[in-house]
file start-v8.txt (compact mmCIF, C-alpha atoms)
# COMPACT_ATOMS: atom_id res chain seq x y z
CA MET A 1 39.59 61.61 130.63
CA GLU A 2 42.05 61.78 133.52
CA ARG A 3 43.59 58.45 134.45
CA ASP A 4 44.08 57.86 138.15
CA ASP A 5 46.13 54.67 137.92
CA ILE A 6 49.28 56.33 136.54
CA ILE A 7 51.90 57.53 138.96
CA GLU A 8 53.54 60.74 137.66
CA TYR A 9 57.15 59.94 138.54
CA SER A 10 58.28 63.24 137.00
CA LEU A 11 56.46 65.14 139.76
CA ASP A 12 58.55 63.41 142.42
CA ALA A 13 61.84 64.55 140.87
CA GLY A 14 61.90 67.96 142.60
CA HIS A 15 64.07 68.86 145.57
CA SER A 16 64.31 71.65 148.13
CA GLU A 17 66.65 74.67 148.27
CA GLU A 18 68.66 72.88 150.96
CA ALA A 19 69.16 69.73 148.87
CA GLY A 20 69.97 71.92 145.84
CA ARG A 21 72.89 73.50 147.67
CA ILE A 22 74.41 70.06 148.41
CA ILE A 23 73.88 68.92 144.79
CA ARG A 24 75.55 72.07 143.42
CA LYS A 25 78.55 71.48 145.68
CA LYS A 26 78.89 67.99 144.23
CA ILE A 27 78.59 69.35 140.66
CA ILE A 28 81.43 71.81 141.31
CA PHE A 29 83.60 69.01 142.72
CA VAL A 30 83.02 66.84 139.62
CA THR A 31 83.73 69.83 137.33
CA ILE A 32 87.10 70.47 138.96
CA LEU A 33 87.95 66.77 138.82
CA LEU A 34 87.08 66.44 135.10
CA SER A 35 89.04 69.59 134.19
CA ALA A 36 92.06 68.39 136.18
CA ILE A 37 92.03 64.98 134.47
CA THR A 38 91.74 66.57 131.00
CA SER A 39 94.67 68.92 131.72
CA ALA A 40 96.74 66.02 133.03
CA GLU A 41 96.02 64.02 129.87
CA VAL A 42 97.06 66.86 127.57
CA LEU A 43 100.25 67.51 129.55
CA LEU A 44 101.12 63.81 129.48
CA GLY A 45 100.50 63.67 125.72
CA VAL A 46 102.67 66.71 124.99
CA PHE A 47 105.58 66.20 127.42
CA TRP A 48 105.90 62.48 128.17
CA ARG A 49 108.05 61.73 125.13
CA SER A 50 110.72 64.20 126.21
CA TRP A 51 110.54 63.25 129.91
CA MET A 52 110.66 59.48 129.63
CA PRO A 53 111.25 58.26 126.10
CA GLY A 54 110.45 54.64 125.37
CA SER A 55 107.59 54.16 127.82
CA TRP A 56 104.80 55.32 125.52
CA HIS A 57 103.01 52.01 126.02
CA TRP A 58 102.28 52.89 129.67
CA VAL A 59 101.01 56.35 128.79
CA LYS A 60 98.39 54.81 126.51
CA TRP A 61 97.05 52.68 129.34
CA THR A 62 97.11 55.71 131.63
CA PHE A 63 95.00 57.60 129.07
CA ILE A 64 92.48 54.79 128.84
CA ALA A 65 92.22 54.47 132.63
CA LEU A 66 91.77 58.25 133.08
CA THR A 67 89.13 58.27 130.32
CA LEU A 68 87.17 55.54 132.09
CA VAL A 69 87.30 57.55 135.34
CA LYS A 70 85.95 60.58 133.48
CA ALA A 71 83.22 58.50 131.82
CA THR A 72 82.16 57.04 135.18
CA TYR A 73 81.78 60.50 136.71
CA ILE A 74 79.82 61.83 133.70
CA VAL A 75 77.41 58.88 133.67
CA MET A 76 76.97 58.42 137.41
CA SER A 77 76.96 62.07 138.48
CA PHE A 78 75.94 64.27 135.53
CA MET A 79 73.48 61.81 134.04
CA HIS A 80 72.27 60.90 137.56
CA LEU A 81 72.44 57.19 136.83
CA GLY A 82 74.04 56.70 140.26
CA ASP A 83 70.89 58.16 141.84
CA GLU A 84 68.51 55.85 139.97
CA ARG A 85 67.29 52.49 141.26
CA ARG A 86 69.68 49.58 140.91
CA ASN A 87 67.54 47.65 138.41
CA ILE A 88 67.46 50.52 135.88
CA ARG A 89 71.23 50.92 136.28
CA SER A 90 71.64 47.23 135.51
CA ILE A 91 69.41 47.08 132.41
CA ILE A 92 71.35 50.00 130.93
CA LEU A 93 74.93 49.12 131.82
CA LEU A 94 75.03 45.31 131.76
CA PRO A 95 73.78 44.62 128.18
CA TYR A 96 76.01 47.41 126.88
CA ALA A 97 79.07 46.12 128.72
CA LEU A 98 78.40 42.56 127.57
CA PHE A 99 78.19 43.52 123.86
CA LEU A 100 81.12 45.91 124.01
CA LEU A 101 83.56 43.65 125.85
CA TYR A 102 82.84 40.88 123.38
CA LEU A 103 83.28 43.27 120.43
CA ILE A 104 86.61 44.54 121.78
CA PHE A 105 87.82 40.99 122.37
CA VAL A 106 86.90 39.92 118.82
CA ALA A 107 88.42 43.03 117.24
CA ILE A 108 91.75 42.70 119.08
CA TRP A 109 92.00 38.98 118.36
CA GLU A 110 91.23 39.32 114.64
CA SER A 111 93.33 42.44 114.04
CA ASN A 112 96.33 40.77 115.68
CA TYR A 113 95.89 37.82 113.35
CA ILE A 114 95.59 40.03 110.25
CA HIS A 115 98.67 42.01 111.25
CA GLU A 116 100.71 38.82 111.72
CA THR A 117 99.49 37.45 108.38
CA LEU A 118 100.37 40.65 106.50
CA LYS A 119 103.95 40.29 107.79
CA LEU A 120 104.32 37.21 105.59
CA PHE A 121 103.96 39.42 102.49
CA LEU A 122 106.77 41.79 103.42
CA MET B 1 42.31 53.88 126.98
CA ALA B 2 39.48 54.19 129.48
CA GLY B 3 38.94 50.44 129.41
CA ASP B 4 42.55 49.75 130.31
CA ALA B 5 42.46 52.21 133.17
CA SER B 6 39.43 50.66 134.84
CA LYS B 7 40.60 47.07 134.36
CA THR B 8 42.00 45.38 137.43
CA LEU B 9 45.50 44.08 136.76
CA SER B 10 46.95 41.10 138.56
CA ASN B 11 49.96 41.53 140.80
CA GLU B 12 51.98 39.33 138.47
CA VAL B 13 51.56 41.71 135.51
CA LEU B 14 52.71 44.60 137.67
CA TRP B 15 55.87 42.70 138.64
CA GLY B 16 54.54 42.26 142.14
CA GLY B 17 54.01 45.95 142.83
CA GLY B 18 51.56 48.74 142.09
CA ARG B 19 54.10 50.81 140.23
CA SER B 20 56.91 50.84 137.65
CA PRO B 21 59.80 48.68 138.81
CA PHE B 22 62.19 51.41 137.66
CA SER B 23 60.55 54.40 139.35
CA VAL B 24 61.14 56.58 136.29
CA SER B 25 58.71 58.02 133.79
CA TYR B 26 58.19 56.49 130.35
CA GLY B 27 60.04 59.32 128.58
CA LYS B 28 63.15 59.02 130.70
CA LEU B 29 63.33 55.25 130.31
CA MET B 30 63.02 55.60 126.52
CA ILE B 31 65.75 58.25 126.24
CA TRP B 32 68.01 55.88 128.17
CA PHE B 33 67.24 53.06 125.73
CA PHE B 34 67.98 55.40 122.83
CA LEU B 35 71.29 56.40 124.41
CA VAL B 36 72.29 52.75 124.88
CA SER B 37 71.71 52.05 121.17
CA ASP B 38 73.55 55.23 120.18
CA ALA B 39 76.41 54.31 122.49
CA LEU B 40 76.65 50.94 120.77
CA THR B 41 76.84 52.72 117.39
CA PHE B 42 79.70 54.92 118.54
CA SER B 43 81.44 51.97 120.20
CA GLY B 44 81.22 50.07 116.93
CA LEU B 45 82.80 52.98 115.08
CA LEU B 46 85.61 53.41 117.61
CA VAL B 47 86.30 49.67 117.78
CA SER B 48 86.51 49.46 113.98
CA TYR B 49 88.92 52.41 114.11
CA GLY B 50 91.00 50.43 116.59
CA PHE B 51 90.75 47.38 114.34
CA ALA B 52 92.10 49.30 111.33
CA ARG B 53 94.89 50.75 113.44
CA HIS B 54 95.86 47.47 115.06
CA SER B 55 95.86 45.40 111.87
CA LEU B 56 97.87 48.03 109.97
CA MET B 57 100.16 46.88 107.18
CA PRO B 58 103.58 46.18 108.77
CA GLY B 59 106.00 48.98 107.93
CA MET B 60 103.29 51.66 107.86
CA GLU B 61 102.89 54.08 110.73
CA TRP B 62 99.76 55.44 112.29
CA PRO B 63 99.85 59.28 112.59
CA VAL B 64 100.58 60.93 115.96
CA GLY B 65 97.94 63.33 117.35
CA GLU B 66 100.39 65.98 118.61
CA ILE B 67 101.93 66.29 115.15
CA VAL B 68 98.70 66.36 113.13
CA PHE B 69 96.77 68.74 115.40
CA ASN B 70 99.32 71.39 116.36
CA LYS B 71 97.72 74.69 115.32
CA PHE B 72 95.94 77.23 117.46
CA PRO B 73 94.06 80.16 115.86
CA GLY B 74 96.07 83.35 116.24
CA ILE B 75 99.32 81.55 117.16
CA SER B 76 101.74 81.02 114.28
CA GLY B 77 104.02 78.48 116.01
CA SER B 78 103.33 74.92 117.05
CA ALA B 79 100.80 74.39 119.87
CA PRO B 80 100.28 70.62 120.03
CA LEU B 81 96.80 69.52 121.17
CA MET B 82 96.07 72.93 122.75
CA TYR B 83 93.07 73.75 120.60
CA VAL B 84 91.44 70.34 120.97
CA ALA B 85 92.06 70.56 124.74
CA LEU B 86 90.21 73.86 124.73
CA MET B 87 87.35 72.28 122.76
CA THR B 88 87.16 69.42 125.25
CA PHE B 89 87.13 71.86 128.12
CA ILE B 90 84.31 73.92 126.52
CA LEU B 91 82.21 70.79 126.04
CA ILE B 92 82.75 69.67 129.65
CA ILE B 93 81.79 73.14 130.90
CA SER B 94 78.64 73.13 128.74
CA SER B 95 77.82 69.75 130.29
CA VAL B 96 78.19 71.36 133.72
CA THR B 97 75.88 74.25 132.82
CA MET B 98 73.37 71.66 131.59
CA VAL B 99 73.43 69.74 134.88
CA LEU B 100 72.99 73.07 136.70
CA ALA B 101 69.93 73.78 134.48
CA VAL B 102 68.48 70.40 135.49
CA GLU B 103 69.16 71.16 139.15
CA ALA B 104 67.42 74.55 138.82
CA GLY B 105 64.47 72.77 137.16
CA HIS B 106 64.12 70.49 140.18
CA ARG B 107 63.68 73.59 142.33
CA MET B 108 61.14 75.02 139.80
CA ASP B 109 63.50 77.98 139.35
CA LYS B 110 62.57 79.14 135.84
CA LYS B 111 65.10 82.01 135.74
CA GLY B 112 67.93 79.66 136.66
CA VAL B 113 66.94 77.14 133.98
CA VAL B 114 66.87 79.87 131.31
CA LYS B 115 70.29 81.18 132.36
CA TRP B 116 72.10 77.81 132.43
CA LEU B 117 70.37 76.42 129.34
CA PHE B 118 71.33 79.56 127.38
CA LEU B 119 74.99 79.12 128.38
CA THR B 120 74.78 75.45 127.32
CA VAL B 121 73.57 76.46 123.85
CA ILE B 122 76.43 78.99 123.55
CA GLY B 123 78.99 76.34 124.55
CA GLY B 124 77.56 73.91 122.00
CA LEU B 125 77.75 76.47 119.21
CA PHE B 126 81.38 77.24 120.13
CA PHE B 127 82.20 73.55 119.95
CA VAL B 128 80.60 73.09 116.50
CA GLY B 129 82.53 76.12 115.23
CA SER B 130 85.79 74.73 116.64
CA GLN B 131 85.18 71.44 114.92
CA ALA B 132 84.78 73.28 111.61
CA TYR B 133 88.19 74.87 112.26
CA GLU B 134 89.75 71.46 113.05
CA TRP B 135 88.36 70.00 109.84
CA SER B 136 89.62 72.94 107.80
CA HIS B 137 93.11 72.58 109.32
CA PHE B 138 93.03 68.82 108.74
CA ILE B 139 91.87 69.07 105.10
CA HIS B 140 94.29 71.83 104.07
CA GLY B 141 97.25 70.38 105.95
CA SER B 142 100.51 72.08 106.87
CA HIS B 143 103.19 69.60 105.84
CA ALA B 144 103.61 67.44 102.73
CA ARG B 145 104.44 63.78 102.13
CA VAL B 146 106.51 62.99 99.05
CA THR B 147 106.93 59.63 97.34
CA LEU B 148 110.44 59.72 95.81
CA ALA B 149 111.39 58.14 92.50
CA ASP B 150 113.13 55.23 94.30
CA GLY B 151 109.99 54.43 96.32
CA ARG B 152 111.10 55.95 99.63
CA THR B 153 108.87 58.37 101.51
CA ALA B 154 109.99 61.87 102.52
CA PHE B 155 108.39 64.61 104.60
CA LEU B 156 108.47 68.37 104.05
CA GLU B 157 108.00 70.83 106.93
CA GLU B 158 106.14 73.25 104.67
CA ASN B 159 103.52 72.60 102.07
CA PRO B 160 105.29 73.54 98.79
CA GLU B 161 102.00 74.53 97.15
CA HIS B 162 101.43 77.24 99.77
CA GLY B 163 103.25 80.55 99.93
CA GLU B 164 106.16 81.85 97.93
CA ALA B 165 108.43 80.15 95.41
CA ILE B 166 110.86 77.44 96.61
CA ASP B 167 114.48 78.44 97.23
CA PRO B 168 116.67 75.38 96.45
CA ALA B 169 119.44 76.60 98.81
CA THR B 170 117.25 76.37 101.94
CA PHE B 171 115.13 73.43 100.80
CA ALA B 172 115.11 70.48 103.24
CA MET B 173 113.32 67.17 103.58
CA THR B 174 113.33 64.21 105.97
CA ILE B 175 113.48 60.77 104.40
CA GLY B 176 112.15 57.70 106.17
CA SER B 177 109.99 57.04 109.20
CA THR B 178 110.29 58.48 112.72
CA HIS B 179 112.46 55.49 113.70
CA SER B 180 115.12 55.91 111.00
CA GLU B 181 115.29 59.48 109.82
CA GLU B 182 117.68 60.93 107.29
CA LYS B 183 117.80 64.67 106.69
CA VAL B 184 118.62 65.94 103.19
CA GLU B 185 119.18 69.67 102.54
CA GLY B 186 119.91 72.17 99.78
CA PRO B 187 119.95 71.59 96.01
CA GLU B 188 120.28 67.82 96.49
CA ALA B 189 116.97 67.70 98.32
CA TYR B 190 115.39 69.98 95.75
CA LYS B 191 116.44 67.68 92.93
CA LEU B 192 114.91 64.69 94.72
CA TYR B 193 111.73 66.72 95.16
CA GLN B 194 111.57 67.63 91.45
CA ASN B 195 111.90 63.98 90.43
CA ALA B 196 109.31 62.85 92.98
CA VAL B 197 106.53 60.55 91.84
CA HIS B 198 103.80 61.96 94.00
CA VAL B 199 103.23 64.81 96.48
CA THR B 200 100.41 64.64 99.03
CA SER B 201 99.33 67.59 101.11
CA GLY B 202 96.33 67.84 103.41
CA ALA B 203 93.67 65.16 103.49
CA ASN B 204 90.77 63.85 101.45
CA MET B 205 88.91 60.54 101.19
CA VAL B 206 91.56 58.98 98.93
CA GLU B 207 94.89 60.02 100.45
CA ASN B 208 96.38 62.24 103.13
CA GLU B 209 99.75 63.58 104.20
CA TYR B 210 99.52 62.10 107.72
CA GLY B 211 99.50 58.36 107.05
CA PRO B 212 97.19 55.55 105.86
CA PRO B 213 94.03 56.66 103.96
CA SER B 214 91.81 54.96 106.55
CA TYR B 215 93.10 57.42 109.18
CA ALA B 216 91.46 60.39 107.45
CA ASN B 217 88.36 58.36 106.58
CA PHE B 218 87.79 57.39 110.22
CA PHE B 219 88.53 60.94 111.31
CA PHE B 220 85.93 62.36 108.94
CA PHE B 221 83.31 59.76 109.80
CA ILE B 222 83.64 59.63 113.59
CA THR B 223 84.21 63.33 114.32
CA GLY B 224 81.61 64.15 111.65
CA PHE B 225 79.04 61.83 113.22
CA HIS B 226 79.82 63.27 116.64
CA GLY B 227 79.61 66.82 115.26
CA PHE B 228 76.19 65.99 113.86
CA HIS B 229 75.13 64.86 117.34
CA VAL B 230 76.41 68.11 118.85
CA PHE B 231 74.57 70.10 116.19
CA SER B 232 71.26 68.29 116.80
CA GLY B 233 71.84 68.61 120.57
CA VAL B 234 72.20 72.38 120.21
CA ILE B 235 68.93 72.53 118.25
CA ILE B 236 67.11 70.38 120.85
CA ASN B 237 68.48 72.52 123.69
CA PHE B 238 67.42 75.66 121.83
CA ILE B 239 63.85 74.39 121.34
CA VAL B 240 63.65 73.40 125.04
CA LEU B 241 65.03 76.84 125.97
CA ILE B 242 62.23 78.56 124.03
CA MET B 243 59.65 76.29 125.68
CA VAL B 244 61.09 77.12 129.12
CA ILE B 245 60.93 80.86 128.37
CA LYS B 246 57.29 80.48 127.28
CA GLY B 247 56.54 78.76 130.60
CA VAL B 248 55.35 75.43 129.17
CA PHE B 249 57.12 73.32 131.81
CA HIS B 250 56.23 75.61 134.70
CA ARG B 251 52.55 75.10 133.88
CA ARG B 252 53.15 71.35 133.57
CA GLY B 253 54.51 71.28 137.12
CA HIS B 254 57.90 69.71 136.37
CA TYR B 255 60.98 70.33 134.22
CA GLU B 256 61.56 66.75 133.13
CA MET B 257 62.00 67.79 129.48
CA VAL B 258 65.14 69.72 130.48
CA GLU B 259 66.38 66.54 132.18
CA LYS B 260 65.77 64.43 129.04
CA ALA B 261 67.47 66.95 126.74
CA GLY B 262 70.24 67.06 129.35
CA LEU B 263 70.73 63.29 129.18
CA TYR B 264 71.29 63.56 125.44
CA TRP B 265 73.69 66.48 125.90
CA HIS B 266 75.74 64.65 128.55
CA PHE B 267 75.90 61.66 126.23
CA VAL B 268 77.40 63.85 123.48
CA ASP B 269 80.02 65.00 126.00
CA LEU B 270 80.65 61.39 127.04
CA VAL B 271 81.28 60.32 123.43
CA TRP B 272 83.68 63.21 122.94
CA VAL B 273 85.71 62.07 125.96
CA PHE B 274 86.35 58.79 124.15
CA VAL B 275 86.90 60.32 120.70
CA PHE B 276 89.40 62.72 122.29
CA THR B 277 91.32 59.87 123.90
CA PHE B 278 91.42 57.52 120.94
CA PHE B 279 91.92 60.06 118.14
CA TYR B 280 94.13 62.69 119.73
CA LEU B 281 95.93 61.14 122.70
CA VAL B 282 96.55 57.41 122.27

call {"tool": "encode", "arguments": {"input": "start-v8.txt", "output": "structure tokens"}}
result
Amino acid sequence: MERDDIIEYSLDAGHSEEAGRIIRKKIIFVTILLSAITSAEVLLGVFWRSWMPGSWHWVKWTFIALTLVKATYIVMSFMHLGDERRNIRSIILLPYALFLLYLIFVAIWESNYIHETLKLFL
Amino acid sequence: MAGDASKTLSNEVLWGGGRSPFSVSYGKLMIWFFLVSDALTFSGLLVSYGFARHSLMPGMEWPVGEIVFNKFPGISGSAPLMYVALMTFILIISSVTMVLAVEAGHRMDKKGVVKWLFLTVIGGLFFVGSQAYEWSHFIHGSHARVTLADGRTAFLEENPEHGEAIDPATFAMTIGSTHSEEKVEGPEAYKLYQNAVHVTSGANMVENEYGPPSYANFFFFITGFHGFHVFSGVIINFIVLIMVIKGVFHRRGHYEMVEKAGLYWHFVDLVWVFVFTFFYLV
């Protein structure tokens, strides 16, 4: 029996040729950006030590920042989360961010403590 | 289900509207929930990797990515990170072909979906093969770590178990860490090597030439778990590809299945971005 009270959201997902052309342009832009960031990361990793020895600490933070930029583009553009409604974006990202930030905080705090304690046995 | 369909529901139950508050289908919402739980699993693994690395025994050193992963197939010299950069690039490109397949599906362009989905499967297979090469290189190793009779640690550029017999005149080893190196050459070094307590080459679950045992264990577990995701993603994409070719989704009126498989595939790419940063770069 066919139900008439269900809205088929999947049928609304289509778009026209015109809209497709704009979307493809955006995909190409994101592709170039992601490739450029990856190349920059590899070059930094290989050459930084010989260019500016002693500042490895800053490179690590650069890597992490660039990775987060890449992740944002993949999730928001490729996975189309940026095009979804705001409430679905929130129920996906907020619980995840809450758990993860807490986990990172706990792990850094505890591992620092363990490292300092192990120094006593040297 | 007929009873449910004919029942009148109050506005309150429907969250004040006549439709889903998310404006997405059931399947898409559920794949997002699955991805959140999978993302938490991977985050847990990467955070515990960071924990092991950060709480490392003072005096020990965590291995450096450019030194461990410096081989490229067909090139005999050192090519630090080049192969893994290529792998990353292939996976990003296969993510792009996937998003193009989804876009073609939105226009009901069956030929386009088949073309882009096929390229995605090829990219995925290339990535799985590359990972097998990385593992092989990692397990066999190219250097050796020697524990000398006096307890100090030394490094050899070549694995002494590979290749031809050792010539004591040209034998050389580096004693100590990267901060305080001491180079020993010739017969003197060879004598130290002969009296060594232990020689480690390559990697297994117990010990490895690169550094602490947990380094190899995390490498095997995290890249292995990710490789398993890539493998299952390739199979899912392949099944969807066959269904597209048979026209299942065209008859259904929408290509949402391509979109859902695509979400999983992008997620695999997303995880690799982080694995790449934390295992190879940082």

call {"tool": "interface_residues", "arguments": {"input": "start-v8.txt", "of": "chain B", "to": "chain A", "cutoff": "7 Å", "atoms": "only C-alpha atoms", "output": "JSON, numbers by chain"}}
result
{"B": [5, 22, 23, 24, 25, 36, 47, 51, 54, 55, 56, 57, 58, 66, 80, 81, 85, 89, 96, 99, 103, 106, 107, 253, 254, 256, 263, 266, 270, 273, 274, 277, 281, 282]}

call {"tool": "atom_distance", "arguments": {"input": "start-v8.txt", "atom1": "CA of Thr147 (chain B)", "atom2": "CA of Phe279 (chain B)"}}
result
25.7 Å

call {"tool": "atom_distance", "arguments": {"input": "start-v8.txt", "atom1": "CA of Gly186 (chain B)", "atom2": "CA of Ala149 (chain B)"}}
result
18.0 Å

call {"tool": "closest_residue", "arguments": {"input": "start-v8.txt", "among": "B:Lys191, B:Ile90, B:Trp272, B:Ser136", "to": "Gly123 (chain B)", "atoms": "only C-alpha atoms"}}
result
B:Ile90

call {"tool": "atom_distance", "arguments": {"input": "start-v8.txt", "atom1": "CA of Phe118 (chain B)", "atom2": "CA of Asp269 (chain B)"}}
result
17.0 Å

call {"tool": "closest_residue", "arguments": {"input": "start-v8.txt", "among": "B:Glu207, B:Glu157, B:Met108, B:Phe225", "to": "Arg251 (chain B)", "atoms": "all atoms listed in the file"}}
result
B:Met108

call {"tool": "residues_around", "arguments": {"input": "start-v8.txt", "residues": "Met173 (chain B)", "least_positions_apart": "6", "cutoff": "12 Å", "atoms": "only C-alpha atoms", "output": "PyMOL selection string"}}
result
chain B and resi 143-148+153-160+181-193
